[in-house]
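The structure appears right after this line, and notes come after that.
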Amino acid sequence: MPSSPSPSPLRFDDIVHPVTAGLISVIVNYGGTFILVFQAARIAGLSPELTASWVWSVSIGVGLTGLFLSWRYREPIITAWSTPAAAFLVTALATTPYDEAIGAYMVSAAAFAVLGLSGCFETVIRLIPSGIASGLLAGILLQFGIGAFGGATADPMLVGLLIVAYVLLKRFTARYAVVGILVIGLAFLLLQDRVDLSGLELTLAAPVFTMPAFSLNALLSVALPLFLITLTGQYMPGMLVLRNDGFRTSANPIVTVTGLGSLLMAPFGSHAFNIAAITAAIVTGREAHEVPSKRWIGGIAAGVFYVLVGVFGVTLAAVFMAFPASFITTLAGLALLGTIGGSLAGAMADPASRDASLITFLASAANITMFGIGGAFWGLVIGLVAYAVMHGRFSTRDPGLPASAARAAAARISGAAGAWVRAHTTLR
């Protein structure tokens, strides 16, 4: 069931913070990983028109599905293109004809729509213990937190300015810390003339339809890996991000809507889009708004920004990609500090599952890659195995406790995590 929106009228703060969080998530997405799409297009030998169509289709698709889901369920449901799938396509498109790749995109998308309609994925998500989920998210986001400070070696002035500004803003006006560092960082880059906008021309993108072709080779070498990589690398951690921040929308409509959207946009070049994971945490966390019921506005804002980028094709995407890498990584890391702290608190809150949660955190942070499957999946598998061995079961409920007592225990754990977050994210 969707959560009901707050009955109180929206104030300026209720809009500016989630909208800023939505903008930052879009900047981080385009500035951090979208280069993979251009690399894959170049490997495939696509024309500028086909490349612009790919940008148009994936941006419009991501924007509309995220906007619809956030509006429908009043939760910050951020969608994004599949980053691990884009990395996979950099090599896959070198040996696969483009029309067959389009057919493979459609097969993978249809499989996700069927998965969502079946309801199986939501059942799997509900079986994962909350401590394991929190440990997984903290491990995934750890590198982004480290990246917030790691760029100081190469770009000490910019990174130092952002960190000092963040700490000072948290001290005197914590609610505007993330908004402040975004504005200060952009102003600093413009003053240093490090973002060249002189050649910017807003040109509308034109979608180009490609007739799909289907082959057994593309089915096995593109569609199947695309499905598995996106499922384990995007949908699984993406849903756990929502759960970790207290949002309870079923995975079924999310997988169904994004699957159907990917199916419709595939003939225009879109490889796959899905629920976001890392960039979603920027909008689902406390930095976006103190009140969880107001954060869905960030999902609406992100959807609108994605659509705007899609309308203008590669133009605005190129602008985001022109930002220095140190600015993107520091901005993302600082915006995610609250989520990282809350996840660690949730992972460590229950003494009974603390060891398994810690193992999940470390295994996820190690970013293990085997058989073409990324670290989120292996961190989750290792954590679940550790939990099962230590507890003799996957269920988080003690069989000796009645349901009411189990719920009370869960509430106490959640309260402890919330208290930790409040104490460490608001420096007053």
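To be explicit about the labels: the chains of the structure tokens are called A, B, and onward in the order shown, and within each one the residues are counted from 1, while ligands get numbers from 1 in the order they are shown.
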
Quick one: pick out all helix (DSSP H, G or I) residues within region 236-346 of chain A from a backbone DSSP run and write them as a PDB file with C-alpha atoms, in the first residue's frame.
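Writing the result to states.pdb gives the following:
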```
ATOM      1  CA  MET A 236      18.399  -5.808  -5.349  1.00  0.00           C
ATOM      2  CA  PRO A 237      20.428  -3.004  -3.703  1.00  0.00           C
ATOM      3  CA  GLY A 238      17.969  -0.389  -4.997  1.00  0.00           C
ATOM      4  CA  MET A 239      15.057  -1.971  -3.160  1.00  0.00           C
ATOM      5  CA  LEU A 240      17.157  -2.350  -0.033  1.00  0.00           C
ATOM      6  CA  VAL A 241      17.930   1.393  -0.163  1.00  0.00           C
ATOM      7  CA  LEU A 242      14.196   2.103  -0.006  1.00  0.00           C
ATOM      8  CA  ARG A 243      13.672  -0.401   2.807  1.00  0.00           C
ATOM      9  CA  ASN A 244      16.628   0.939   4.793  1.00  0.00           C
ATOM     10  CA  ALA A 251       8.988  -4.149  -5.450  1.00  0.00           C
ATOM     11  CA  ASN A 252       6.412  -5.647  -7.821  1.00  0.00           C
ATOM     12  CA  PRO A 253       5.036  -2.435  -9.379  1.00  0.00           C
ATOM     13  CA  ILE A 254       8.518  -0.899  -9.506  1.00  0.00           C
ATOM     14  CA  VAL A 255       9.972  -3.841 -11.425  1.00  0.00           C
ATOM     15  CA  THR A 256       6.877  -4.021 -13.638  1.00  0.00           C
ATOM     16  CA  VAL A 257       6.818  -0.318 -14.537  1.00  0.00           C
ATOM     17  CA  THR A 258      10.556  -0.068 -15.214  1.00  0.00           C
ATOM     18  CA  GLY A 259      10.470  -3.331 -17.165  1.00  0.00           C
ATOM     19  CA  LEU A 260       7.608  -2.144 -19.375  1.00  0.00           C
ATOM     20  CA  GLY A 261       9.267   1.262 -19.769  1.00  0.00           C
ATOM     21  CA  SER A 262      12.524  -0.376 -20.843  1.00  0.00           C
ATOM     22  CA  LEU A 263      10.591  -2.510 -23.317  1.00  0.00           C
ATOM     23  CA  LEU A 264       8.968   0.557 -24.913  1.00  0.00           C
ATOM     24  CA  MET A 265      12.210   2.545 -25.110  1.00  0.00           C
ATOM     25  CA  ALA A 266      14.498  -0.297 -26.249  1.00  0.00           C
ATOM     26  CA  PRO A 267      13.875   0.201 -30.016  1.00  0.00           C
ATOM     27  CA  PHE A 268      15.159   3.762 -29.621  1.00  0.00           C
ATOM     28  CA  ILE A 278      23.501   4.772  -4.882  1.00  0.00           C
ATOM     29  CA  THR A 279      21.974   7.926  -6.354  1.00  0.00           C
ATOM     30  CA  ALA A 280      18.613   6.973  -4.830  1.00  0.00           C
ATOM     31  CA  ALA A 281      20.154   7.116  -1.361  1.00  0.00           C
ATOM     32  CA  ILE A 282      20.814  10.830  -1.884  1.00  0.00           C
ATOM     33  CA  VAL A 283      17.051  11.412  -2.112  1.00  0.00           C
ATOM     34  CA  THR A 284      15.700   8.749   0.256  1.00  0.00           C
ATOM     35  CA  PRO A 292      10.230  11.043   5.275  1.00  0.00           C
ATOM     36  CA  SER A 293       6.755  11.814   3.906  1.00  0.00           C
ATOM     37  CA  LYS A 294       8.134  14.931   2.169  1.00  0.00           C
ATOM     38  CA  TRP A 296       8.852  11.988  -2.546  1.00  0.00           C
ATOM     39  CA  ILE A 297       9.138  15.521  -3.952  1.00  0.00           C
ATOM     40  CA  GLY A 298      12.790  14.721  -4.629  1.00  0.00           C
ATOM     41  CA  GLY A 299      11.671  11.788  -6.785  1.00  0.00           C
ATOM     42  CA  ILE A 300       9.418  14.101  -8.792  1.00  0.00           C
ATOM     43  CA  ALA A 301      12.252  16.631  -9.191  1.00  0.00           C
ATOM     44  CA  ALA A 302      14.739  13.997 -10.345  1.00  0.00           C
ATOM     45  CA  GLY A 303      12.226  12.746 -12.909  1.00  0.00           C
ATOM     46  CA  VAL A 304      11.721  16.256 -14.285  1.00  0.00           C
ATOM     47  CA  PHE A 305      15.484  16.869 -14.524  1.00  0.00           C
ATOM     48  CA  TYR A 306      15.989  13.579 -16.364  1.00  0.00           C
ATOM     49  CA  VAL A 307      13.266  14.467 -18.867  1.00  0.00           C
ATOM     50  CA  LEU A 308      14.865  17.874 -19.477  1.00  0.00           C
ATOM     51  CA  VAL A 309      18.213  16.247 -20.201  1.00  0.00           C
ATOM     52  CA  GLY A 310      16.514  13.753 -22.506  1.00  0.00           C
ATOM     53  CA  VAL A 311      14.714  16.450 -24.475  1.00  0.00           C
ATOM     54  CA  VAL A 314      23.562  14.837 -25.440  1.00  0.00           C
ATOM     55  CA  THR A 315      23.806  18.589 -24.792  1.00  0.00           C
ATOM     56  CA  LEU A 316      22.945  18.742 -21.104  1.00  0.00           C
ATOM     57  CA  ALA A 317      24.480  15.330 -20.458  1.00  0.00           C
ATOM     58  CA  ALA A 318      27.752  16.744 -21.778  1.00  0.00           C
ATOM     59  CA  VAL A 319      27.427  19.703 -19.376  1.00  0.00           C
ATOM     60  CA  PHE A 320      27.145  17.423 -16.346  1.00  0.00           C
ATOM     61  CA  MET A 321      30.059  15.339 -17.592  1.00  0.00           C
ATOM     62  CA  ALA A 325      35.564  14.316 -11.159  1.00  0.00           C
ATOM     63  CA  SER A 326      36.670  15.607  -7.751  1.00  0.00           C
ATOM     64  CA  PHE A 327      33.561  17.820  -7.554  1.00  0.00           C
ATOM     65  CA  ILE A 328      31.233  14.925  -8.404  1.00  0.00           C
ATOM     66  CA  THR A 329      32.802  12.456  -5.955  1.00  0.00           C
ATOM     67  CA  THR A 330      33.019  14.963  -3.079  1.00  0.00           C
ATOM     68  CA  LEU A 331      29.466  16.192  -3.630  1.00  0.00           C
ATOM     69  CA  ALA A 332      28.114  12.632  -3.716  1.00  0.00           C
ATOM     70  CA  GLY A 333      30.100  11.499  -0.679  1.00  0.00           C
ATOM     71  CA  LEU A 334      29.069  14.426   1.514  1.00  0.00           C
ATOM     72  CA  ALA A 335      25.418  14.101   0.466  1.00  0.00           C
ATOM     73  CA  LEU A 337      27.183  10.800   4.869  1.00  0.00           C
ATOM     74  CA  GLY A 338      23.879  10.694   6.726  1.00  0.00           C
ATOM     75  CA  THR A 339      22.765   7.569   4.892  1.00  0.00           C
ATOM     76  CA  ILE A 340      26.087   5.825   5.517  1.00  0.00           C
ATOM     77  CA  GLY A 341      25.908   6.635   9.227  1.00  0.00           C
ATOM     78  CA  GLY A 342      22.293   5.491   9.489  1.00  0.00           C
ATOM     79  CA  SER A 343      23.067   2.260   7.658  1.00  0.00           C
ATOM     80  CA  LEU A 344      25.994   1.475   9.931  1.00  0.00           C
ATOM     81  CA  ALA A 345      23.825   2.197  12.957  1.00  0.00           C
ATOM     82  CA  GLY A 346      21.121  -0.127  11.638  1.00  0.00           C
TER      83      GLY A 346
END
```

Quiz item: Could you work out how far CA of Thr96 (chain A) lies from CA of Ser215 (chain A), giving the answer in Å with one decimal?
Solution: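 Between CA of Ser215 (chain A) and CA of Thr96 (chain A) the gap is 10.1 Å.
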
Quiz prompt | Proximity to Leu189 (chain A) - best of A:Leu50, A:Glu290, A:Pro129, A:Val159, only C-alpha atoms | solution =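 Of the candidates, the smallest distance to Leu189 (chain A) is held by A:Val159.
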
Quiz item: Out of A:Ile146, A:Phe371, A:Pro97, A:Gly246, which residue has the shortest atom-to-atom distance to Val291 (chain A) when counting only C-alpha atoms?
Solution: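 Smallest separation from Val291 (chain A) among the options: A:Gly246.
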
Exercise. Rounded to one decimal place, report the CA of Ala109 (chain A)-CA of Trp54 (chain A) distance in Å.
Key: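 Between CA of Ala109 (chain A) and CA of Trp54 (chain A) the gap is 15.6 Å.
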
Quiz item: Of the residues A:Arg11, A:His271, A:His17, A:Arg72, which is the one nearest to Ala288 (chain A), using only C-alpha atoms?
Solution: A:His17

Quiz prompt | Minimum-distance residue to Leu67 (chain A), chosen among A:Gly22, A:Phe149, A:Asp355, A:Ala110 (using only C-alpha atoms) | solution =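 Under the stated criterion, the closest residue is A:Gly22.
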
Quiz item: Do you know which residues are at most 12 Å from Phe34 (chain A) counting only C-alpha atoms, after dropping those on the same chain fewer than 2 positions away, and could you put them as a PyMOL selection string?
Solution: chain A and resi 26-32+36-41+54-55+58-59+80-87+90+314+316-322

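One finds CA of Leu158 (chain A) at 28.9 Å from CA of Arg295 (chain A).
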
Quiz item: With only C-alpha atoms as the basis for distance, which of A:Leu23, A:Glu49, A:Arg354, A:Leu137 is at the shortest distance from Pro207 (chain A)?
Solution: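 Distance minimum relative to Pro207 (chain A) lands on A:Glu49.
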